[in-house]
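Novice: Sharing protein.cif below, mmCIF, C-alpha atoms and all ligand atoms:
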```
data_run
#
loop_
_atom_site.label_atom_id
_atom_site.label_comp_id
_atom_site.auth_asym_id
_atom_site.auth_seq_id
_atom_site.Cartn_x
_atom_site.Cartn_y
_atom_site.Cartn_z
CA ASP A 470 0.00 0.00 0.00
CA TRP A 471 1.82 2.98 -1.32
CA THR A 472 0.80 6.53 -0.75
CA PRO A 473 0.60 8.82 -3.79
CA GLY A 474 3.61 10.71 -2.41
CA GLU A 475 5.70 7.55 -2.31
CA ILE A 476 4.67 6.55 -5.82
CA ILE A 477 5.66 10.00 -7.05
CA ALA A 478 9.05 9.89 -5.33
CA GLU A 479 9.79 6.45 -6.73
CA GLN A 480 8.70 7.32 -10.28
CA VAL A 481 10.54 10.63 -10.29
CA ALA A 482 13.76 8.79 -9.39
CA ARG A 483 13.17 6.18 -12.10
CA ILE A 484 12.38 8.74 -14.77
CA ARG A 485 15.50 10.74 -13.94
CA GLU A 486 17.58 7.60 -14.17
CA GLN A 487 16.05 6.54 -17.48
CA VAL A 488 16.08 9.91 -19.19
CA GLY A 489 19.29 11.44 -17.90
CA ASP A 490 19.69 14.77 -19.67
CA GLY A 491 17.72 13.60 -22.72
CA GLN A 492 14.77 15.39 -24.27
CA VAL A 493 11.28 13.98 -23.86
CA ILE A 494 8.04 14.45 -25.80
CA CYS A 495 4.49 13.70 -24.64
CA GLY A 496 1.20 13.86 -26.49
CA LEU A 497 -1.61 15.22 -24.33
CA SER A 498 -5.11 14.02 -25.15
CA GLY A 499 -6.94 16.05 -22.55
CA GLY A 500 -7.62 12.84 -20.64
CA VAL A 501 -6.45 11.73 -17.21
CA ASP A 502 -3.68 9.31 -18.09
CA SER A 503 -1.60 11.41 -20.44
CA ALA A 504 -2.00 14.43 -18.15
CA VAL A 505 -0.80 12.60 -15.04
CA ALA A 506 2.04 10.92 -16.93
CA ALA A 507 3.13 14.32 -18.23
CA ALA A 508 2.91 15.90 -14.79
CA LEU A 509 5.09 13.14 -13.34
CA VAL A 510 7.73 13.48 -16.04
CA GLN A 511 7.64 17.26 -15.65
CA ARG A 512 8.21 16.85 -11.91
CA ALA A 513 11.20 14.62 -12.70
CA VAL A 514 12.94 16.45 -15.55
CA GLY A 515 11.24 19.83 -15.90
CA ASP A 516 11.71 21.55 -19.25
CA GLN A 517 13.43 18.55 -20.79
CA LEU A 518 9.79 17.58 -21.41
CA THR A 519 7.71 19.15 -24.16
CA CYS A 520 4.01 18.31 -24.36
CA VAL A 521 2.09 18.43 -27.62
CA PHE A 522 -1.65 18.96 -27.68
CA VAL A 523 -3.51 18.58 -30.95
CA ASP A 524 -6.75 20.55 -31.11
CA HIS A 525 -8.67 18.62 -33.75
CA GLY A 526 -11.79 20.71 -33.22
CA LEU A 527 -13.71 17.68 -31.94
CA LEU A 528 -13.15 18.53 -28.28
CA ARG A 529 -15.80 19.41 -25.76
CA GLN A 530 -16.43 22.91 -24.49
CA ASP A 531 -13.52 24.35 -22.50
CA GLU A 532 -11.28 21.29 -22.90
CA ARG A 533 -8.54 23.11 -24.77
CA ALA A 534 -8.51 25.92 -22.24
CA GLN A 535 -8.39 23.43 -19.38
CA VAL A 536 -5.21 21.98 -20.82
CA GLU A 537 -3.60 25.21 -22.07
CA ARG A 538 -4.43 27.34 -19.07
CA ASP A 539 -5.25 25.25 -16.01
CA PHE A 540 -3.01 22.25 -16.57
CA VAL A 541 -0.05 24.34 -17.64
CA SER A 542 -0.32 26.77 -14.76
CA ALA A 543 -0.81 23.96 -12.23
CA THR A 544 2.10 21.82 -13.41
CA GLY A 545 4.51 24.17 -15.20
CA VAL A 546 4.55 21.90 -18.23
CA ARG A 547 6.06 23.29 -21.45
CA LEU A 548 3.25 22.96 -24.00
CA VAL A 549 2.94 23.23 -27.76
CA THR A 550 -0.65 23.39 -29.03
CA VAL A 551 -1.32 22.58 -32.65
CA ASP A 552 -4.49 24.13 -33.99
CA ALA A 553 -5.61 21.57 -36.59
CA ARG A 554 -9.32 22.38 -36.54
CA GLU A 555 -9.53 23.47 -40.18
CA GLN A 556 -7.54 20.48 -41.35
CA PHE A 557 -9.84 17.99 -39.62
CA LEU A 558 -13.04 19.69 -40.74
CA THR A 559 -11.84 19.74 -44.32
CA ALA A 560 -10.85 16.08 -44.19
CA LEU A 561 -14.24 15.16 -42.72
CA ALA A 562 -16.33 17.18 -45.16
CA GLY A 563 -19.05 15.12 -46.81
CA VAL A 564 -18.33 12.00 -44.72
CA SER A 565 -21.14 10.31 -42.76
CA ASP A 566 -19.98 6.71 -42.44
CA PRO A 567 -18.76 6.00 -38.88
CA GLU A 568 -15.79 3.83 -39.83
CA GLN A 569 -14.74 6.31 -42.49
CA LYS A 570 -14.86 9.11 -39.96
CA ARG A 571 -12.78 7.13 -37.46
CA LYS A 572 -10.18 6.34 -40.12
CA ILE A 573 -9.92 9.94 -41.26
CA ILE A 574 -9.65 11.29 -37.74
CA GLY A 575 -7.00 8.70 -36.82
CA ARG A 576 -5.00 9.42 -39.96
CA GLU A 577 -5.12 13.20 -39.55
CA PHE A 578 -4.20 12.90 -35.90
CA ILE A 579 -1.10 10.87 -36.64
CA ARG A 580 -0.08 13.27 -39.40
CA THR A 581 -0.47 16.26 -37.16
CA PHE A 582 1.29 14.74 -34.18
CA GLU A 583 4.20 13.55 -36.28
CA GLN A 584 4.61 16.94 -37.87
CA ALA A 585 4.74 18.46 -34.39
CA GLU A 586 7.35 15.87 -33.45
CA ARG A 587 9.46 16.69 -36.50
CA ASP A 588 9.23 20.42 -35.79
CA LEU A 589 10.31 19.83 -32.23
CA ILE A 590 13.12 17.50 -33.23
CA ALA A 591 14.37 20.12 -35.68
CA GLU A 592 14.15 22.81 -33.01
CA LYS A 593 16.01 20.71 -30.44
CA ALA A 594 18.60 19.60 -32.96
CA GLY A 595 19.22 23.28 -33.60
CA GLU A 596 19.99 23.58 -29.91
CA GLY A 597 22.24 20.52 -30.09
CA GLU A 598 19.76 18.21 -28.34
CA ARG A 599 18.17 14.97 -29.44
CA ILE A 600 14.67 13.88 -28.51
CA GLY A 601 15.01 10.28 -27.49
CA PHE A 602 12.01 9.66 -25.28
CA LEU A 603 8.25 9.48 -25.72
CA VAL A 604 5.89 9.45 -22.73
CA GLN A 605 2.97 7.04 -22.74
CA GLY A 606 0.15 6.93 -20.20
CA THR A 607 0.03 3.13 -20.18
CA LEU A 608 -1.72 1.75 -17.09
CA TYR A 609 -1.25 -1.59 -15.38
CA PRO A 610 -4.42 -3.14 -16.89
CA ASP A 611 -3.11 -2.22 -20.38
CA VAL A 612 0.21 -3.90 -19.60
CA VAL A 613 -1.52 -7.08 -18.47
CA GLU A 614 -3.87 -7.05 -21.44
CA SER A 615 -1.08 -6.75 -23.96
CA GLY A 616 0.91 -9.54 -22.30
CA GLY A 617 3.69 -7.66 -20.56
CA GLY A 618 5.64 -5.62 -23.08
CA THR A 619 9.18 -4.38 -22.74
CA GLY A 620 8.96 -0.69 -22.04
CA THR A 621 10.88 0.13 -25.16
CA ALA A 622 9.44 0.44 -28.61
CA ASN A 623 9.58 2.73 -31.53
CA ILE A 624 6.90 5.11 -32.55
CA LYS A 625 5.18 2.52 -34.68
CA SER A 626 3.81 0.72 -31.67
CA HIS A 627 2.73 4.03 -30.23
CA HIS A 628 0.77 5.05 -33.27
CA ASN A 629 -0.07 1.61 -34.54
CA VAL A 630 0.88 2.48 -38.06
CA GLY A 631 3.68 1.50 -40.35
CA GLY A 632 5.75 3.33 -42.88
CA LEU A 633 7.39 5.95 -40.69
CA PRO A 634 10.91 7.21 -41.12
CA GLU A 635 13.40 5.42 -38.92
CA ASP A 636 14.72 8.59 -37.39
CA LEU A 637 11.49 8.85 -35.38
CA GLU A 638 12.60 6.26 -32.89
CA PHE A 639 11.89 6.79 -29.26
CA GLU A 640 12.41 4.98 -26.03
CA LEU A 641 9.13 4.87 -24.12
CA VAL A 642 8.72 6.43 -20.71
CA GLU A 643 5.72 4.83 -19.00
CA PRO A 644 5.49 6.08 -15.43
CA LEU A 645 1.96 4.72 -14.85
CA ARG A 646 2.72 1.12 -15.82
CA THR A 647 2.25 -0.20 -12.29
CA LEU A 648 -0.87 1.80 -11.48
CA PHE A 649 -4.61 1.34 -11.64
CA LYS A 650 -6.91 4.16 -12.69
CA ASP A 651 -7.86 5.22 -9.17
CA GLU A 652 -4.17 5.38 -8.20
CA VAL A 653 -3.47 7.50 -11.28
CA ARG A 654 -6.16 9.91 -10.10
CA GLN A 655 -4.65 10.06 -6.60
CA VAL A 656 -1.19 10.68 -7.98
CA GLY A 657 -2.62 13.36 -10.28
CA ARG A 658 -4.28 15.13 -7.37
CA GLU A 659 -1.06 15.00 -5.35
CA LEU A 660 0.78 16.55 -8.32
CA GLY A 661 -1.79 19.34 -8.50
CA VAL A 662 -3.38 18.29 -11.79
CA PRO A 663 -6.69 20.23 -11.95
CA GLU A 664 -9.74 18.36 -10.73
CA VAL A 665 -11.59 18.86 -14.05
CA ILE A 666 -8.90 16.73 -15.67
CA VAL A 667 -8.29 14.24 -12.84
CA ALA A 668 -11.99 13.45 -12.48
CA ARG A 669 -12.69 13.41 -16.20
CA GLN A 670 -14.80 10.60 -17.58
CA PRO A 671 -13.57 8.55 -20.55
CA PHE A 672 -13.81 10.41 -23.85
CA PRO A 673 -13.04 8.74 -27.17
CA GLY A 674 -10.03 9.84 -29.20
CA PRO A 675 -12.22 10.70 -32.23
CA GLY A 676 -14.15 12.98 -29.90
CA LEU A 677 -17.39 14.63 -30.92
CA GLY A 678 -16.73 13.46 -34.48
CA ILE A 679 -18.31 10.11 -33.64
CA ARG A 680 -21.14 11.67 -31.65
CA ILE A 681 -22.67 13.41 -34.64
CA VAL A 682 -24.70 10.90 -36.61
CA GLY A 683 -24.20 12.33 -40.08
CA GLU A 684 -21.67 14.72 -41.54
CA VAL A 685 -19.46 16.67 -39.13
CA THR A 686 -19.69 20.43 -39.61
CA GLU A 687 -18.61 23.33 -37.44
CA ALA A 688 -22.21 24.39 -36.82
CA ARG A 689 -23.17 20.90 -35.65
CA LEU A 690 -20.09 20.66 -33.46
CA GLU A 691 -20.97 23.96 -31.84
CA LEU A 692 -24.52 22.81 -31.20
CA LEU A 693 -23.36 19.49 -29.73
CA ARG A 694 -20.74 21.20 -27.55
CA ARG A 695 -23.47 23.36 -26.00
CA ALA A 696 -25.79 20.42 -25.37
CA ASP A 697 -22.93 18.33 -23.95
CA ALA A 698 -21.87 21.11 -21.59
CA ILE A 699 -25.43 21.37 -20.24
CA VAL A 700 -25.58 17.62 -19.64
CA ARG A 701 -22.25 17.55 -17.83
CA ASP A 702 -23.25 20.57 -15.76
CA GLU A 703 -26.51 19.06 -14.63
CA LEU A 704 -25.18 15.55 -13.95
CA THR A 705 -22.38 16.98 -11.85
CA ALA A 706 -24.77 19.31 -10.01
CA ALA A 707 -27.00 16.31 -9.26
CA GLY A 708 -24.04 14.46 -7.74
CA LEU A 709 -24.14 11.68 -10.33
CA ASP A 710 -20.52 11.72 -11.47
CA ASP A 711 -19.56 8.65 -9.47
CA GLU A 712 -22.55 6.59 -10.51
CA ILE A 713 -22.17 7.40 -14.18
CA TRP A 714 -19.20 5.92 -16.01
CA GLN A 715 -19.70 8.31 -18.89
CA CYS A 716 -22.58 10.00 -20.67
CA PRO A 717 -22.14 10.41 -24.39
CA VAL A 718 -24.40 13.13 -25.80
CA VAL A 719 -25.24 12.40 -29.42
CA LEU A 720 -26.61 14.67 -32.14
CA LEU A 721 -28.82 12.95 -34.70
CA ALA A 722 -27.89 15.34 -37.45
CA ASP A 723 -29.54 13.26 -40.17
CA VAL A 724 -32.88 13.14 -38.34
CA ARG A 725 -35.37 15.95 -37.98
CA SER A 726 -38.71 15.98 -36.23
CA VAL A 727 -41.56 18.42 -35.94
CA GLY A 728 -42.04 20.42 -32.78
CA VAL A 729 -43.74 23.51 -31.51
CA GLN A 730 -42.13 26.35 -29.63
CA GLY A 731 -43.62 29.74 -28.83
CA ASP A 732 -46.03 30.50 -31.66
CA GLY A 733 -44.38 28.44 -34.27
CA ARG A 734 -43.68 25.06 -35.69
CA THR A 735 -40.09 23.86 -35.45
CA TYR A 736 -38.29 21.23 -37.45
CA GLY A 737 -35.18 20.38 -35.49
CA HIS A 738 -32.75 17.67 -34.53
CA PRO A 739 -32.95 15.23 -31.60
CA ILE A 740 -30.24 14.98 -28.97
CA VAL A 741 -29.69 11.54 -27.41
CA LEU A 742 -28.53 11.11 -23.82
CA ARG A 743 -26.52 7.94 -23.26
CA PRO A 744 -25.70 7.73 -19.52
CA VAL A 745 -24.08 4.39 -18.69
CA SER A 746 -22.81 2.66 -15.58
CA SER A 747 -19.88 0.32 -16.04
CA GLU A 748 -16.74 -1.15 -14.46
CA ASP A 749 -14.52 -1.29 -17.50
CA ALA A 750 -16.59 -0.27 -20.58
CA MET A 751 -16.63 -3.87 -21.82
CA THR A 752 -20.20 -4.19 -20.59
CA ALA A 753 -22.48 -1.43 -19.40
CA ASP A 754 -25.98 -0.76 -18.19
CA TRP A 755 -27.96 2.39 -18.79
CA THR A 756 -27.97 4.55 -15.68
CA ARG A 757 -31.30 5.20 -14.00
CA VAL A 758 -30.88 8.96 -13.87
CA PRO A 759 -33.63 10.50 -11.71
CA TYR A 760 -36.54 11.90 -13.73
CA GLU A 761 -36.13 15.41 -12.25
CA VAL A 762 -32.56 15.54 -13.54
CA LEU A 763 -33.62 14.32 -16.97
CA ALA A 764 -36.39 16.91 -17.00
CA ARG A 765 -33.96 19.72 -16.18
CA ILE A 766 -31.54 18.59 -18.89
CA SER A 767 -34.32 18.33 -21.45
CA ASN A 768 -35.72 21.77 -20.62
CA ARG A 769 -32.36 23.42 -20.74
CA ILE A 770 -31.24 21.84 -24.00
CA THR A 771 -34.46 22.61 -25.89
CA ASN A 772 -34.48 26.18 -24.52
CA GLU A 773 -30.80 26.97 -24.82
CA VAL A 774 -29.62 25.10 -27.90
CA ASP A 775 -30.98 26.43 -31.17
CA GLY A 776 -31.88 23.74 -33.66
CA VAL A 777 -32.69 21.05 -31.08
CA ASN A 778 -36.36 20.44 -30.36
CA ARG A 779 -36.30 16.98 -28.80
CA VAL A 780 -34.25 15.14 -26.16
CA VAL A 781 -34.36 11.35 -26.03
CA LEU A 782 -32.90 8.81 -23.61
CA ASP A 783 -31.01 5.70 -24.70
CA VAL A 784 -32.13 2.76 -22.51
CA THR A 785 -29.99 0.07 -24.12
CA SER A 786 -27.39 -1.92 -22.20
CA LYS A 787 -24.05 -3.03 -23.68
CA PRO A 788 -24.36 -5.54 -25.22
CA PRO A 789 -26.27 -5.25 -27.46
CA GLY A 790 -25.62 -1.51 -27.79
CA THR A 791 -22.12 -0.07 -27.69
CA ILE A 792 -21.55 2.92 -25.43
CA GLU A 793 -20.85 5.24 -28.34
CA TRP A 794 -23.32 5.49 -31.22
CA GLU A 795 -20.65 5.21 -33.87
P1 LIG B 1 -17.94 1.37 -27.11
O1 LIG B 1 -18.68 2.40 -27.90
O2 LIG B 1 -17.11 0.48 -27.98
O3 LIG B 1 -16.91 2.18 -26.21
O4 LIG B 1 -18.83 0.61 -26.19
C1 LIG B 1 -16.17 1.62 -25.16
C2 LIG B 1 -15.32 2.70 -24.53
O5 LIG B 1 -14.30 3.10 -25.41
C3 LIG B 1 -14.42 4.49 -25.72
N1 LIG B 1 -14.10 4.61 -27.13
C4 LIG B 1 -12.92 5.06 -27.60
N2 LIG B 1 -11.83 5.52 -26.95
N3 LIG B 1 -10.77 5.89 -29.04
C5 LIG B 1 -10.77 5.95 -27.69
O6 LIG B 1 -9.78 6.40 -27.12
C6 LIG B 1 -11.83 5.44 -29.75
O7 LIG B 1 -11.81 5.40 -30.98
C7 LIG B 1 -12.97 5.00 -28.97
N4 LIG B 1 -14.16 4.49 -29.33
C8 LIG B 1 -14.85 4.27 -28.18
C9 LIG B 1 -15.86 4.84 -25.39
O8 LIG B 1 -16.00 6.23 -25.11
C10 LIG B 1 -16.10 3.96 -24.20
O9 LIG B 1 -15.52 4.51 -23.03
#
```
What's the structure tokens form of this structure?
Ligand code: XMP

Specialist:
Amino acid sequence: DWTPGEIIAEQVARIREQVGDGQVICGLSGGVDSAVAAALVQRAVGDQLTCVFVDHGLLRQDERAQVERDFVSATGVRLVTVDAREQFLTALAGVSDPEQKRKIIGREFIRTFEQAERDLIAEKAGEGERIGFLVQGTLYPDVVESGGGTGTANIKSHHNVGGLPEDLEFELVEPLRTLFKDEVRQVGRELGVPEVIVARQPFPGPGLGIRIVGEVTEARLELLRRADAIVRDELTAAGLDDEIWQCPVVLLADVRSVGVQGDGRTYGHPIVLRPVSSEDAMTADWTRVPYEVLARISNRITNEVDGVNRVVLDVTSKPPGTIEWE
């Protein structure tokens, strides 16, 4: 039984030993694991670490600011943000098929991250330094699942793609390899990682891109971001964050239904609420959110989000439904 302070002291010593005076790079996703891993490495080697955050435009409201402002000021991490919003929107234009969207988002993400890596490598090389290390937020359950692993790999295993130049070879730094999720959260809190990040629920890499059923456009993203923020607000205010594993909020952009508001007929889109309870996301049950909370969410979304005239609740367990809609 280790305290978070002891885990931190031990990992800081290990990281220092592994990295020496080498340069380290870390991709931040906005999620818990990469943030805590980065904070640990920062604690160990300071500005030898550079974090890269790709804004693909599929993030939820305030997520970029939480990383750029709150995370950076709380941890002192050196951060490079890449604004790739236009690039992703352009690549996604006209695409409705879920698998297609996932492929495009994955491909653009890798491209963007690698370009950031190359830029950084060039910058460091100019300063006579070499980037030899890549931080990964691998947790103990991931290690077990993948059958152990060695702790060293090149970037191919990181990105799961082939065909990369050989000069992009990194040694992995995986300071969370012995930890479970709740320990990661404790360590994060001890390191001062902001609570909005430490307590964050799982969010898929492809982000809101796979929560819009239909084509992804900026207007639809904006609408979904507003609805999602209301849902998160109200669930948190109702004290349901522990009971709910995650609550995808989905925009049925290809569906419209008739409604009435004020004096007029509306013809808007439905928003789906998908609150689920789960241990590990492999199976899940729909969460019995109290009716009053659902009522508040429904009222707020239909009043505050233009273009949405209906809120529906997904009451499907997993299986047969997946947690995400796409
Ligand atoms: P499903 O929809 O398969 O989701 O029941 C299970 C869990 O995985 C998350 N998820 C993803 N996470 N990249 C991720 O990092 C993805 O492409 C992705 N797809 C689904 C989902 O949010 C849920 O927690």

Novice: Given only C-alpha atoms and all ligand atoms as the basis, pick out the residue of A:Thr647, A:Gln517, A:Gln511, A:Gln569 nearest to ligand LIG 1 (chain B).

Specialist: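 Counting only C-alpha atoms and all ligand atoms, the residue closest to ligand LIG 1 (chain B) is A:Gln569.
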
Novice: Considering only C-alpha atoms and all ligand atoms, tabulate each residue of chain A that lies at most 9 Å from ligand LIG 1 (chain B) along with its nearest interatomic pair and the corresponding distance in Å to one decimal; arrange the rows by chain and ascending residue number and present them as a Markdown table.

Specialist:
```
| residue | atom | partner | partner_atom | distance |
| --- | --- | --- | --- | --- |
| A:Arg571 | CA | B:LIG1 | O7 | 6.8 |
| A:Gly575 | CA | B:LIG1 | O7 | 8.3 |
| A:Gln670 | CA | B:LIG1 | O9 | 8.2 |
| A:Pro671 | CA | B:LIG1 | O9 | 5.1 |
| A:Phe672 | CA | B:LIG1 | O8 | 4.9 |
| A:Pro673 | CA | B:LIG1 | N2 | 3.4 |
| A:Gly674 | CA | B:LIG1 | N3 | 4.0 |
| A:Pro675 | CA | B:LIG1 | O7 | 5.5 |
| A:Gly676 | CA | B:LIG1 | C6 | 7.9 |
| A:Ile679 | CA | B:LIG1 | N4 | 8.2 |
| A:Trp714 | CA | B:LIG1 | O9 | 8.1 |
| A:Gln715 | CA | B:LIG1 | O9 | 7.0 |
| A:Cys716 | CA | B:LIG1 | O8 | 8.8 |
| A:Pro717 | CA | B:LIG1 | O8 | 7.5 |
| A:Asp749 | CA | B:LIG1 | O9 | 8.1 |
| A:Ala750 | CA | B:LIG1 | C1 | 5.0 |
| A:Met751 | CA | B:LIG1 | C1 | 6.4 |
| A:Thr752 | CA | B:LIG1 | O4 | 7.5 |
| A:Ala753 | CA | B:LIG1 | O4 | 8.0 |
| A:Lys787 | CA | B:LIG1 | O4 | 6.8 |
| A:Pro788 | CA | B:LIG1 | O4 | 8.3 |
| A:Gly790 | CA | B:LIG1 | O4 | 7.3 |
| A:Thr791 | CA | B:LIG1 | O4 | 3.7 |
| A:Ile792 | CA | B:LIG1 | O4 | 3.6 |
| A:Glu793 | CA | B:LIG1 | O1 | 3.6 |
| A:Trp794 | CA | B:LIG1 | O1 | 6.5 |
| A:Glu795 | CA | B:LIG1 | O1 | 6.9 |
```

Novice: Would you mind reading off the distance between CA of Val718 in chain A and CA of Leu742 in chain A, one decimal, in Å?

Specialist: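 Distance between the two atoms: 5.0 Å.
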
Novice: One decimal, in Å: what's the spacing between CA of Val784 in chain A and CA of Leu693 in chain A?

Specialist: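 Taking CA of Val784 in chain A and CA of Leu693 in chain A, their separation equals 20.2 Å.
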
Novice: Residues near Ala585 in chain A, anyone? I mean within 9 Å using only C-alpha atoms, not counting same-chain ones fewer than 6 positions away, as a PyMOL selection string.

Specialist: chain A and resi 521+523+549+551

Novice: Which is closer to Gly597 in chain A than all the others in A:Gly491, A:Val665, A:Phe649, A:Pro644, using only C-alpha atoms?

Specialist: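 Among A:Gly491, A:Val665, A:Phe649, A:Pro644, it is A:Gly491 that comes nearest to Gly597 in chain A.
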
Novice: Can you tell me how far CA of Gly661 in chain A sits from CA of Ala508 in chain A, in Å to one decimal?

Specialist: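 Here the two named atoms are 8.6 Å from each other.
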
Novice: Which of these, A:Gly496, A:Pro567, A:Pro759, A:Pro663, has the shortest distance to Glu586 in chain A once you count all atoms listed in the file?

Specialist: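 Looking at the shortest contact to Glu586 in chain A, the residue is A:Gly496.
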
Novice: If you count only C-alpha atoms, which residues fall within 9 Å of Asp783 in chain A, apart from same-chain ones fewer than 3 positions away, as an MDAnalysis selection string?

Specialist: chainID A and resid 741:744 755 786
